[in-house]
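Printed here is query_31.txt (compact mmCIF, C-alpha atoms):
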```txt
# COMPACT_ATOMS: atom_id res chain seq x y z
CA MET A 283 -40.12 32.13 34.90
CA ARG A 284 -40.27 28.42 34.25
CA LYS A 285 -39.36 29.01 30.58
CA ALA A 286 -36.41 31.15 31.60
CA SER A 287 -35.22 28.49 34.03
CA SER A 288 -35.60 25.82 31.38
CA GLY A 289 -33.64 27.92 28.91
CA LEU A 290 -30.90 28.46 31.43
CA ALA A 291 -30.74 24.75 32.20
CA LEU A 292 -30.58 23.95 28.50
CA ALA A 293 -27.77 26.45 27.97
CA LEU A 294 -25.82 25.07 30.94
CA GLY A 295 -26.37 21.53 29.70
CA SER A 296 -25.09 22.41 26.23
CA ALA A 297 -22.05 24.14 27.66
CA LEU A 298 -21.34 21.15 29.86
CA ALA A 299 -21.68 18.79 26.90
CA LEU A 300 -19.16 20.86 24.97
CA ALA A 301 -16.79 21.07 27.89
CA LEU A 302 -16.80 17.41 28.88
CA PRO A 303 -14.71 16.11 25.91
CA ALA A 304 -12.05 18.73 26.49
CA LEU A 305 -12.10 17.98 30.22
CA ALA A 306 -11.82 14.27 29.55
CA HIS A 307 -8.83 14.82 27.23
CA ALA A 308 -7.19 17.01 29.83
CA GLN A 309 -7.71 14.39 32.50
CA GLY A 310 -6.44 11.77 30.08
CA ALA A 311 -3.17 13.67 29.82
CA GLU A 312 -2.74 13.03 33.54
CA GLY A 313 -3.70 9.38 33.15
CA ALA A 314 -7.19 9.61 34.66
CA ILE A 315 -9.52 9.42 31.64
CA ASP A 316 -8.97 8.85 27.91
CA VAL A 317 -11.72 9.79 25.45
CA ALA A 318 -11.31 9.61 21.69
CA ASP A 319 -12.49 12.42 19.45
CA SER A 320 -15.65 11.11 17.77
CA GLY A 321 -15.15 13.11 14.55
CA ASP A 322 -11.58 11.95 14.02
CA THR A 323 -12.55 8.38 14.88
CA ALA A 324 -15.44 8.47 12.40
CA TRP A 325 -13.13 9.72 9.64
CA VAL A 326 -10.56 6.99 10.21
CA LEU A 327 -13.30 4.35 10.30
CA THR A 328 -14.55 5.66 6.95
CA SER A 329 -11.01 5.66 5.58
CA SER A 330 -10.63 2.03 6.62
CA VAL A 331 -13.64 1.13 4.49
CA LEU A 332 -12.14 3.01 1.55
CA VAL A 333 -8.86 1.07 1.84
CA ILE A 334 -10.75 -2.23 1.86
CA LEU A 335 -12.59 -0.96 -1.23
CA MET A 336 -9.17 -0.51 -2.85
CA THR A 337 -8.16 -4.07 -2.06
CA LEU A 338 -11.07 -6.40 -2.67
CA PRO A 339 -12.89 -5.02 -5.72
CA GLY A 340 -10.33 -2.38 -6.79
CA LEU A 341 -7.01 -4.21 -6.93
CA SER A 342 -8.67 -7.48 -7.94
CA LEU A 343 -10.39 -5.93 -10.96
CA PHE A 344 -7.36 -3.86 -11.91
CA TYR A 345 -5.09 -6.91 -12.00
CA GLY A 346 -7.78 -9.26 -13.30
CA GLY A 347 -8.41 -7.15 -16.38
CA LEU A 348 -4.70 -7.08 -17.20
CA VAL A 349 -4.24 -10.86 -17.38
CA ARG A 350 -5.49 -13.33 -19.95
CA ALA A 351 -9.04 -14.60 -19.46
CA LYS A 352 -7.90 -18.07 -18.38
CA ASN A 353 -6.21 -16.60 -15.29
CA PHE A 354 -8.76 -13.97 -14.25
CA LEU A 355 -10.30 -15.86 -11.31
CA SER A 356 -6.93 -16.97 -9.98
CA VAL A 357 -5.89 -13.32 -9.63
CA MET A 358 -9.17 -12.37 -7.96
CA LEU A 359 -8.89 -15.26 -5.52
CA GLN A 360 -5.26 -14.55 -4.68
CA CYS A 361 -5.99 -10.90 -3.89
CA GLY A 362 -8.92 -11.81 -1.69
CA ALA A 363 -7.29 -14.73 0.10
CA ILE A 364 -4.07 -12.82 0.78
CA ALA A 365 -6.02 -9.89 2.22
CA ALA A 366 -8.02 -12.27 4.43
CA ALA A 367 -4.95 -14.10 5.72
CA ALA A 368 -2.99 -10.89 6.34
CA SER A 369 -5.94 -9.43 8.24
CA LEU A 370 -6.13 -12.42 10.59
CA LEU A 371 -2.38 -12.42 11.15
CA TRP A 372 -2.55 -8.71 11.91
CA ILE A 373 -5.09 -9.36 14.66
CA VAL A 374 -3.12 -12.24 16.16
CA VAL A 375 0.41 -10.87 16.06
CA GLY A 376 1.05 -8.31 13.33
CA TYR A 377 -0.31 -5.27 15.15
CA THR A 378 1.75 -5.82 18.25
CA LEU A 379 4.92 -6.39 16.20
CA ALA A 380 4.35 -3.14 14.34
CA PHE A 381 2.65 -0.92 16.93
CA GLY A 382 3.18 -2.58 20.29
CA ASP A 383 4.50 -0.26 22.97
CA ALA A 384 7.81 1.04 21.65
CA HIS A 385 8.81 2.26 25.12
CA THR A 386 8.77 -1.21 26.67
CA SER A 387 9.95 -3.23 23.68
CA PRO A 388 13.04 -5.32 24.48
CA LEU A 389 14.21 -5.08 20.86
CA GLY A 390 15.17 -1.40 20.91
CA GLY A 391 13.06 0.03 18.09
CA TRP A 392 13.22 -3.01 15.82
CA LEU A 393 9.90 -4.57 16.85
CA GLY A 394 7.01 -3.52 19.05
CA ALA A 395 6.45 -5.02 22.47
CA GLY A 396 4.12 -7.98 22.86
CA ASN A 397 1.47 -6.09 24.78
CA ALA A 398 -1.28 -6.33 22.16
CA TRP A 399 -1.41 -9.95 21.01
CA MET A 400 -4.90 -10.68 19.65
CA LEU A 401 -5.55 -6.93 20.13
CA ILE A 402 -5.76 -7.28 23.90
CA ASN A 403 -4.80 -4.44 26.21
CA LEU A 404 -5.60 -1.74 23.69
CA GLY A 405 -5.85 1.75 25.11
CA ASN A 406 -8.97 3.89 24.89
CA VAL A 407 -6.95 6.34 22.78
CA ARG A 408 -3.94 5.55 20.59
CA GLU A 409 -0.89 7.32 22.01
CA GLY A 410 -0.07 10.42 20.00
CA TYR A 411 -3.47 10.59 18.29
CA GLY A 412 -7.03 11.51 19.19
CA ILE A 413 -8.73 8.31 18.01
CA ALA A 414 -9.65 5.05 19.68
CA GLU A 415 -6.79 2.57 19.50
CA SER A 416 -9.15 -0.09 18.13
CA THR A 417 -9.87 2.28 15.22
CA PHE A 418 -6.13 2.81 14.69
CA ALA A 419 -5.57 -0.97 14.69
CA LEU A 420 -8.36 -1.42 12.14
CA PHE A 421 -6.98 1.25 9.81
CA GLN A 422 -3.50 -0.21 9.96
CA MET A 423 -4.91 -3.69 9.39
CA CYS A 424 -6.28 -2.49 6.05
CA PHE A 425 -2.77 -1.40 5.03
CA ALA A 426 -1.37 -4.75 6.12
CA ALA A 427 -4.01 -6.48 3.97
CA ILE A 428 -3.40 -4.62 0.72
CA THR A 429 0.41 -4.53 0.81
CA PRO A 430 1.17 -8.23 0.18
CA ALA A 431 -1.75 -8.36 -2.28
CA LEU A 432 0.04 -5.75 -4.41
CA MET A 433 2.69 -8.35 -5.20
CA VAL A 434 0.21 -10.65 -6.97
CA GLY A 435 0.81 -8.80 -10.22
CA ALA A 436 4.41 -9.99 -10.37
CA TRP A 437 3.64 -13.70 -10.48
CA VAL A 438 0.31 -13.99 -12.31
CA ASP A 439 -0.22 -16.95 -14.69
CA ARG A 440 2.39 -19.22 -13.09
CA ALA A 441 2.62 -19.18 -9.27
CA ARG A 442 1.11 -22.05 -7.28
CA PHE A 443 -1.73 -20.91 -5.01
CA GLY A 444 -0.49 -22.74 -1.90
CA TRP A 445 2.98 -21.24 -2.27
CA VAL A 446 1.49 -17.77 -2.75
CA MET A 447 -0.44 -18.05 0.51
CA GLY A 448 2.51 -19.37 2.49
CA PHE A 449 4.89 -16.74 1.13
CA CYS A 450 2.53 -13.82 1.73
CA ALA A 451 1.62 -14.94 5.24
CA LEU A 452 5.27 -15.06 6.33
CA TRP A 453 6.12 -11.93 4.38
CA SER A 454 3.46 -9.92 6.17
CA LEU A 455 5.08 -10.77 9.53
CA ILE A 456 8.76 -10.75 8.57
CA VAL A 457 8.87 -7.84 6.10
CA TYR A 458 5.79 -5.66 6.47
CA ALA A 459 5.27 -5.59 10.25
CA PRO A 460 8.91 -4.76 11.18
CA VAL A 461 9.18 -2.04 8.52
CA ALA A 462 5.89 -0.53 9.72
CA HIS A 463 7.38 -0.40 13.20
CA TRP A 464 10.66 1.13 12.04
CA ILE A 465 8.86 4.07 10.42
CA TRP A 466 5.36 4.38 11.88
CA GLY A 467 5.58 2.58 15.22
CA GLY A 468 8.27 4.64 16.89
CA GLY A 469 11.10 2.47 15.55
CA TRP A 470 14.68 3.35 14.74
CA LEU A 471 14.30 4.74 11.19
CA SER A 472 11.92 7.48 12.24
CA ALA A 473 13.16 8.05 15.78
CA SER A 474 16.90 8.02 15.08
CA LEU A 475 17.25 9.02 11.42
CA GLY A 476 14.13 11.12 10.91
CA THR A 477 12.86 9.14 7.90
CA LEU A 478 9.38 10.31 6.86
CA ASP A 479 6.60 8.38 5.14
CA PHE A 480 3.15 9.92 5.29
CA ALA A 481 1.10 7.00 3.99
CA GLY A 482 3.31 4.20 2.71
CA GLY A 483 5.79 5.10 0.00
CA ILE A 484 8.40 3.10 1.87
CA VAL A 485 6.33 0.89 4.17
CA VAL A 486 3.90 -0.24 1.44
CA HIS A 487 5.20 0.47 -2.05
CA THR A 488 8.93 -0.01 -1.61
CA THR A 489 8.54 -3.27 0.31
CA ALA A 490 5.96 -4.71 -2.10
CA GLY A 491 7.66 -3.43 -5.26
CA VAL A 492 11.14 -4.70 -4.41
CA SER A 493 9.84 -8.03 -3.11
CA ALA A 494 7.72 -8.47 -6.25
CA LEU A 495 10.83 -8.07 -8.42
CA VAL A 496 12.67 -10.67 -6.33
CA VAL A 497 9.85 -13.20 -6.70
CA ALA A 498 9.59 -12.56 -10.45
CA LEU A 499 13.28 -13.40 -10.78
CA LEU A 500 12.97 -16.53 -8.63
CA LEU A 501 9.89 -17.81 -10.47
CA GLY A 502 11.26 -17.22 -13.93
CA LYS A 503 9.42 -16.14 -17.06
CA ARG A 504 5.98 -17.16 -18.24
CA GLN A 505 5.92 -19.53 -21.18
CA GLY A 506 6.41 -17.43 -24.31
CA PHE A 507 7.72 -14.33 -22.57
CA PRO A 508 8.89 -11.95 -24.00
CA LYS A 509 8.19 -13.00 -27.61
CA THR A 510 4.52 -13.89 -27.26
CA LEU A 511 2.03 -11.04 -26.83
CA MET A 512 0.04 -11.49 -23.62
CA LEU A 513 -2.58 -8.79 -23.99
CA PRO A 514 -5.01 -7.76 -21.23
CA HIS A 515 -8.25 -9.65 -21.71
CA SER A 516 -10.44 -6.79 -20.41
CA PRO A 517 -9.11 -3.22 -20.32
CA SER A 518 -12.61 -2.17 -19.27
CA LEU A 519 -12.27 -4.10 -15.99
CA THR A 520 -8.82 -2.61 -15.52
CA MET A 521 -10.28 0.89 -15.87
CA LEU A 522 -13.02 0.02 -13.38
CA GLY A 523 -10.47 -1.34 -10.93
CA ALA A 524 -8.27 1.72 -11.35
CA GLY A 525 -11.26 3.95 -10.62
CA LEU A 526 -11.98 2.07 -7.39
CA LEU A 527 -8.32 2.29 -6.42
CA TRP A 528 -8.29 6.01 -7.16
CA VAL A 529 -11.31 6.69 -4.94
CA GLY A 530 -10.13 4.34 -2.22
CA TRP A 531 -6.75 6.05 -2.20
CA PHE A 532 -8.42 9.12 -0.70
CA GLY A 533 -8.94 7.05 2.43
CA PHE A 534 -5.47 5.53 2.13
CA ASN A 535 -3.74 8.92 2.14
CA GLY A 536 -6.37 11.13 3.73
CA GLY A 537 -6.92 8.70 6.56
CA SER A 538 -3.19 8.71 7.30
CA ALA A 539 -3.63 12.18 8.80
CA VAL A 540 -5.44 10.21 11.56
CA ALA A 541 -7.75 13.20 12.06
CA ALA A 542 -10.55 14.99 10.23
CA ASN A 543 -8.56 18.16 9.67
CA ASP A 544 -6.66 20.30 7.18
CA ASP A 545 -3.91 17.67 6.84
CA ALA A 546 -6.47 15.11 5.66
CA ALA A 547 -7.96 17.56 3.15
CA ALA A 548 -4.50 18.51 1.86
CA ALA A 549 -3.58 14.83 1.48
CA ILE A 550 -6.72 14.10 -0.54
CA ILE A 551 -6.23 17.13 -2.79
CA ASN A 552 -2.62 16.16 -3.43
CA THR A 553 -3.59 12.55 -4.05
CA HIS A 554 -6.12 13.53 -6.71
CA VAL A 555 -3.84 16.10 -8.35
CA ALA A 556 -0.93 13.65 -8.64
CA ALA A 557 -3.16 10.92 -10.11
CA CYS A 558 -4.61 13.34 -12.68
CA ALA A 559 -1.20 14.65 -13.70
CA ALA A 560 0.37 11.20 -13.98
CA ALA A 561 -2.53 9.70 -15.95
CA LEU A 562 -2.54 12.53 -18.48
CA ALA A 563 1.25 12.64 -18.75
CA TRP A 564 1.32 8.87 -19.33
CA ILE A 565 -1.12 8.92 -22.24
CA LEU A 566 0.63 11.96 -23.69
CA ILE A 567 3.90 10.03 -23.73
CA GLU A 568 2.08 7.05 -25.27
CA ARG A 569 0.66 9.30 -27.97
CA PHE A 570 4.13 10.41 -29.05
CA VAL A 571 5.86 7.05 -28.62
CA VAL A 572 3.31 4.51 -29.90
CA GLY A 573 0.86 6.78 -31.66
CA LYS A 574 -2.20 6.11 -29.49
CA ALA A 575 -3.36 6.92 -25.98
CA THR A 576 -4.67 3.77 -24.29
CA SER A 577 -7.06 3.11 -21.43
CA VAL A 578 -4.54 0.76 -19.81
CA GLY A 579 -1.95 3.53 -20.03
CA PHE A 580 -4.29 6.01 -18.38
CA ALA A 581 -5.07 3.55 -15.58
CA THR A 582 -1.44 2.58 -15.05
CA GLY A 583 -0.35 6.21 -15.06
CA ALA A 584 -2.91 7.09 -12.41
CA ILE A 585 -1.67 4.28 -10.15
CA ALA A 586 1.93 5.40 -10.66
CA GLY A 587 0.99 8.95 -9.63
CA LEU A 588 -0.88 7.69 -6.58
CA ALA A 589 2.03 5.52 -5.46
CA THR A 590 4.52 8.36 -5.99
CA VAL A 591 2.60 10.99 -4.01
CA THR A 592 1.72 8.63 -1.14
CA PRO A 593 4.85 9.20 1.01
CA ALA A 594 4.44 12.97 0.73
CA ALA A 595 0.69 13.52 0.43
CA GLY A 596 0.26 15.35 3.73
CA PHE A 597 3.53 17.28 3.60
CA ILE A 598 3.55 19.06 0.23
CA SER A 599 1.58 21.66 -1.73
CA PRO A 600 -0.84 20.89 -4.59
CA GLY A 601 1.65 22.43 -7.03
CA ALA A 602 4.27 19.98 -5.84
CA ALA A 603 1.76 17.14 -6.15
CA LEU A 604 1.26 18.06 -9.81
CA LEU A 605 5.01 17.73 -10.34
CA PHE A 606 5.05 14.43 -8.44
CA GLY A 607 2.48 13.07 -10.90
CA ALA A 608 4.31 14.28 -13.99
CA ILE A 609 7.60 12.90 -12.68
CA ALA A 610 5.92 9.58 -11.87
CA ALA A 611 4.90 9.11 -15.50
CA SER A 612 8.31 10.14 -16.83
CA VAL A 613 10.11 7.73 -14.49
CA CYS A 614 7.83 4.70 -14.21
CA LEU A 615 6.97 4.31 -17.90
CA PRO A 616 10.64 4.07 -19.03
CA MET A 617 11.29 1.72 -16.10
CA ILE A 618 8.69 -0.70 -17.46
CA GLN A 619 10.54 -0.74 -20.77
CA LEU A 620 13.86 -1.23 -19.01
CA VAL A 621 12.72 -4.10 -16.78
CA LYS A 622 10.73 -6.00 -19.40
CA HIS A 623 12.56 -5.32 -22.65
CA LYS A 624 16.13 -4.53 -21.66
CA PHE A 625 16.55 -7.00 -18.79
CA GLU A 626 13.68 -9.33 -19.80
CA ILE A 627 12.44 -9.73 -16.23
CA ASP A 628 8.87 -10.99 -16.24
CA ASP A 629 7.41 -8.71 -13.57
CA SER A 630 4.12 -9.44 -15.28
CA LEU A 631 2.01 -6.41 -14.30
CA ASP A 632 4.91 -4.04 -13.62
CA ILE A 633 4.72 -3.98 -9.84
CA PHE A 634 8.32 -2.93 -9.32
CA ALA A 635 8.29 -0.31 -12.07
CA VAL A 636 5.02 1.30 -10.91
CA HIS A 637 4.76 0.73 -7.17
CA GLY A 638 8.40 0.20 -6.23
CA ILE A 639 9.94 2.95 -8.35
CA GLY A 640 6.97 5.23 -7.72
CA GLY A 641 7.21 4.84 -3.95
CA ILE A 642 10.99 5.28 -3.94
CA THR A 643 10.83 8.34 -6.19
CA GLY A 644 8.18 10.01 -4.06
CA SER A 645 10.08 9.22 -0.86
CA LEU A 646 13.17 10.98 -2.18
CA LEU A 647 11.31 13.92 -3.74
CA LEU A 648 9.70 14.51 -0.37
CA ALA A 649 13.00 15.78 1.02
CA VAL A 650 13.04 18.58 -1.56
CA PHE A 651 9.37 19.59 -1.57
CA LEU A 652 9.09 19.54 2.20
CA SER A 653 10.75 22.97 2.06
CA PRO A 654 8.44 25.84 3.13
CA ALA A 655 9.81 27.82 0.19
CA LEU A 656 8.15 25.24 -2.10
CA GLY A 657 4.92 25.12 -0.13
CA GLY A 658 5.85 22.19 2.12
CA THR A 659 5.14 21.85 5.81
CA GLY A 660 8.79 22.33 6.75
CA TYR A 661 11.58 20.27 8.26
CA ALA A 662 11.81 18.97 11.79
CA GLU A 663 14.08 20.81 14.20
CA GLY A 664 17.69 20.19 13.31
CA MET A 665 16.87 18.89 9.81
CA SER A 666 17.61 20.54 6.47
CA MET A 667 16.88 19.57 2.88
CA LEU A 668 20.19 17.73 2.64
CA SER A 669 19.87 15.88 5.94
CA GLN A 670 16.26 14.95 5.15
CA LEU A 671 17.34 13.62 1.77
CA GLY A 672 19.93 11.51 3.54
CA ALA A 673 17.31 10.21 5.96
CA GLN A 674 14.96 9.34 3.10
CA ALA A 675 17.70 7.63 1.09
CA ALA A 676 18.81 5.64 4.13
CA GLY A 677 15.23 4.58 4.84
CA VAL A 678 14.64 3.48 1.26
CA GLY A 679 17.97 1.66 1.09
CA VAL A 680 17.58 -0.22 4.36
CA VAL A 681 14.02 -1.26 3.59
CA ALA A 682 14.90 -2.34 0.03
CA ILE A 683 17.81 -4.46 1.25
CA TRP A 684 15.71 -6.05 3.99
CA SER A 685 12.92 -6.76 1.49
CA VAL A 686 15.35 -8.50 -0.89
CA ILE A 687 17.02 -10.66 1.75
CA ALA A 688 13.84 -11.61 3.58
CA SER A 689 11.89 -12.30 0.38
CA VAL A 690 14.56 -14.65 -0.97
CA VAL A 691 14.71 -16.59 2.29
CA ILE A 692 10.91 -16.79 2.68
CA ALA A 693 10.32 -17.75 -0.95
CA LEU A 694 12.88 -20.55 -0.92
CA ALA A 695 11.83 -21.79 2.52
CA VAL A 696 8.17 -22.10 1.50
CA SER A 697 9.19 -23.78 -1.77
CA LEU A 698 10.69 -26.64 0.27
CA ALA A 699 7.14 -27.61 1.22
CA ILE A 700 5.14 -26.25 -1.73
CA PRO A 701 6.60 -25.76 -5.23
CA MET A 702 6.62 -22.15 -6.40
CA ARG A 703 5.35 -22.79 -9.94
CA VAL A 704 2.57 -24.81 -11.45
CA SER A 705 3.48 -27.35 -14.12
CA GLU A 706 3.86 -26.38 -17.77
CA ASP A 707 0.60 -28.13 -18.64
CA GLU A 708 -1.25 -26.31 -15.86
CA GLU A 709 0.17 -22.99 -16.99
CA ARG A 710 -0.93 -23.61 -20.58
CA GLU A 711 -4.42 -24.60 -19.47
CA GLY A 712 -4.73 -21.55 -17.24
CA LEU A 713 -4.83 -21.34 -13.47
CA ASP A 714 -8.58 -20.80 -13.28
CA ILE A 715 -9.21 -24.38 -14.38
CA SER A 716 -6.00 -26.14 -13.37
CA SER A 717 -5.78 -24.65 -9.84
CA HIS A 718 -9.37 -23.81 -8.98
CA GLY A 719 -11.63 -25.81 -11.30
CA GLU A 720 -13.60 -22.77 -12.47
CA ARG A 721 -13.91 -20.46 -15.44
CA ALA A 722 -14.43 -16.74 -15.15
CA TRP A 723 -16.61 -16.60 -18.24
CA GLU A 724 -18.98 -19.34 -19.45
CA MET A 725 -19.94 -18.60 -23.05
CA ASP A 726 -22.55 -21.37 -23.57
```
Using the file provided, produce a representation of the structure as structure tokens.
Amino acid sequence: MRKASSGLALALGSALALALPALAHAQGAEGAIDVADSGDTAWVLTSSVLVILMTLPGLSLFYGGLVRAKNFLSVMLQCGAIAAAASLLWIVVGYTLAFGDAHTSPLGGWLGAGNAWMLINLGNVREGYGIAESTFALFQMCFAAITPALMVGAWVDRARFGWVMGFCALWSLIVYAPVAHWIWGGGWLSASLGTLDFAGGIVVHTTAGVSALVVALLLGKRQGFPKTLMLPHSPSLTMLGAGLLWVGWFGFNGGSAVAANDDAAAAIINTHVAACAAALAWILIERFVVGKATSVGFATGAIAGLATVTPAAGFISPGAALLFGAIAASVCLPMIQLVKHKFEIDDSLDIFAVHGIGGITGSLLLAVFLSPALGGTGYAEGMSMLSQLGAQAAGVGVVAIWSVIASVVIALAVSLAIPMRVSEDEEREGLDISSHGERAWEMD
């Protein structure tokens, strides 16, 4: 009898344990209790770690391997220091500008309300999602950290460290945070126009890519460009960095589902498929054009595919993702040739051609492959392929224009206090020694 009673109690206890989360969510809908889903929260926490993996070792090694040995440490330090500064600014003010309460904001969808300075007054659950708001703020902080760091590749070998830090700090608040609000924070591009961006094709890659091109133009060319060959000093490190970026991108895109569900799985599958297709298509093109498939080409192609599929990763089918990757290679590779050889713009590591063009291309393709007939998740009520294409084009155009204007103003304003470029002698010596007093490799 006692065993039966114990079994009954255990069964009732288990049923109650299962029912309590659902009850808490139901009460939360009426404003009484808010409880985050532990599984979804755990997945987004894990995704946050993966995005940081992309930034600190991944991006740093990818860029560091592509530059000459005398500038390796300067690239590593810039990536790390920018990510650190952007993270702190996100805590202090960036999060509330991007994701502060859109309903009470006095700026009508342009900026979030100031209810979360220093991450105070966070809710137990982020509105519209099933995760803790602190987890949401952390995940978005990782995006805010990597986005300005992407631009480092445009100014390697010649930008002054102090200017880089000042520019990126202001850029993260004036360009990144408002655009994040316009599209992800309930702002006017998403709410009024219906612009979609699953994981950052516009918010991350368009802003960083366009701004990188602007800075490359303002800084001018490296000494010897374009006549002097400036070969990567370590393609092996570039491959390692690309591998870390590739793996971390699963958290970047999969985590943007903000739940441990089918959308996250679909985003990760599409992310991997696009990277594979783009990497292979890139080296195939290289084989026919230059006669050899290169490791740097494989790595660059993979990043182009990842950037291109990012805005659509959770909305399209794997077959569409394969096409996204192939298109990424066929668009981004010629764009590198156009920017560097036709226009002789020294976007040193091809940030605009890979990230900017990739993100823009994917954002526009999304409007087509969102169609259920092509395996997509379908259009919002009242939207069609044509209207969605218009919304995507408007979003890309507005963000690109804002990125150009703001980047010019920020770059020139910071240069009034700190010169943009190092001296010619410092550039010849290499930034590792001239700016930081260190060498990446001691051969004694």
Which neighbours of A:Ala594 fall inside 6 Å, counting all atoms listed in the file, when residues of the same chain fewer than 2 positions from it are skipped, and could you give them as a ChimeraX atom specification? /A:480,591-592,596-597,648
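By all atoms listed in the file, and with residues fewer than 2 positions from stretch 713-719 of chain A along its chain excluded, the set lying at most 7 Å from it is Lys352, Asn353, Phe354, Leu355, Ser356, Asp439, Glu708, Glu709, Glu711 and Arg721 of chain A.
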Restricting the output to C-alpha atoms, write the selected residues as an mmCIF file, in the frame of the given file.
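See out_36.cif below for the written result:
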```cif
data_model
loop_
_atom_site.group_PDB
_atom_site.id
_atom_site.type_symbol
_atom_site.label_atom_id
_atom_site.label_comp_id
_atom_site.auth_asym_id
_atom_site.auth_seq_id
_atom_site.Cartn_x
_atom_site.Cartn_y
_atom_site.Cartn_z
ATOM 1 C CA LYS A 352 -7.900 -18.070 -18.380
ATOM 2 C CA ASN A 353 -6.210 -16.600 -15.290
ATOM 3 C CA PHE A 354 -8.760 -13.970 -14.250
ATOM 4 C CA LEU A 355 -10.300 -15.860 -11.310
ATOM 5 C CA SER A 356 -6.930 -16.970 -9.980
ATOM 6 C CA ASP A 439 -0.220 -16.950 -14.690
ATOM 7 C CA GLU A 708 -1.250 -26.310 -15.860
ATOM 8 C CA GLU A 709 0.170 -22.990 -16.990
ATOM 9 C CA GLU A 711 -4.420 -24.600 -19.470
ATOM 10 C CA ARG A 721 -13.910 -20.460 -15.440
#
```
Could you name the residues that touch stretch 454-466 of chain A at 10 Å or less, counting all atoms listed in the file, but leaving out those on the same chain fewer than 4 positions away, as a ChimeraX atom specification? /A:364,367-369,371-372,375-382,384,391-394,422,425-427,429-430,449-450,470-482,484-486,489-490,493,677,680-681,684-689,692
So how many Å separate atom CA of A:Ala524 and atom CA of A:Ala581, to one decimal? 5.6 Å
Find the spatial neighbours of A:Val407, counting all atoms listed in the file, within a cut-off of 7 Å - ignore same-chain residues fewer than 6 positions away - and output them as a short mmCIF file (atom, residue, chain, number, x, y, z; two decimals) with C-alpha atoms, keeping the file's coordinate frame.
```cif
data_model
loop_
_atom_site.label_atom_id
_atom_site.label_comp_id
_atom_site.auth_asym_id
_atom_site.auth_seq_id
_atom_site.Cartn_x
_atom_site.Cartn_y
_atom_site.Cartn_z
CA ASP A 316 -8.97 8.85 27.91
CA VAL A 317 -11.72 9.79 25.45
CA ALA A 318 -11.31 9.61 21.69
CA ILE A 413 -8.73 8.31 18.01
CA ALA A 414 -9.65 5.05 19.68
CA GLU A 415 -6.79 2.57 19.50
#
```
Go through A:Leu526, A:Leu338, A:Ala363, A:Ala324 one by one, measure the shortest atom-to-atom distance of each to A:Gly412 using all atoms listed in the file, and give the residue with the smallest value. A:Ala324
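For the choices A:Phe507, A:Tyr411, A:Trp453, A:Phe651, the atom-to-atom distance to A:His623 is smallest for A:Phe507 when using only C-alpha atoms.
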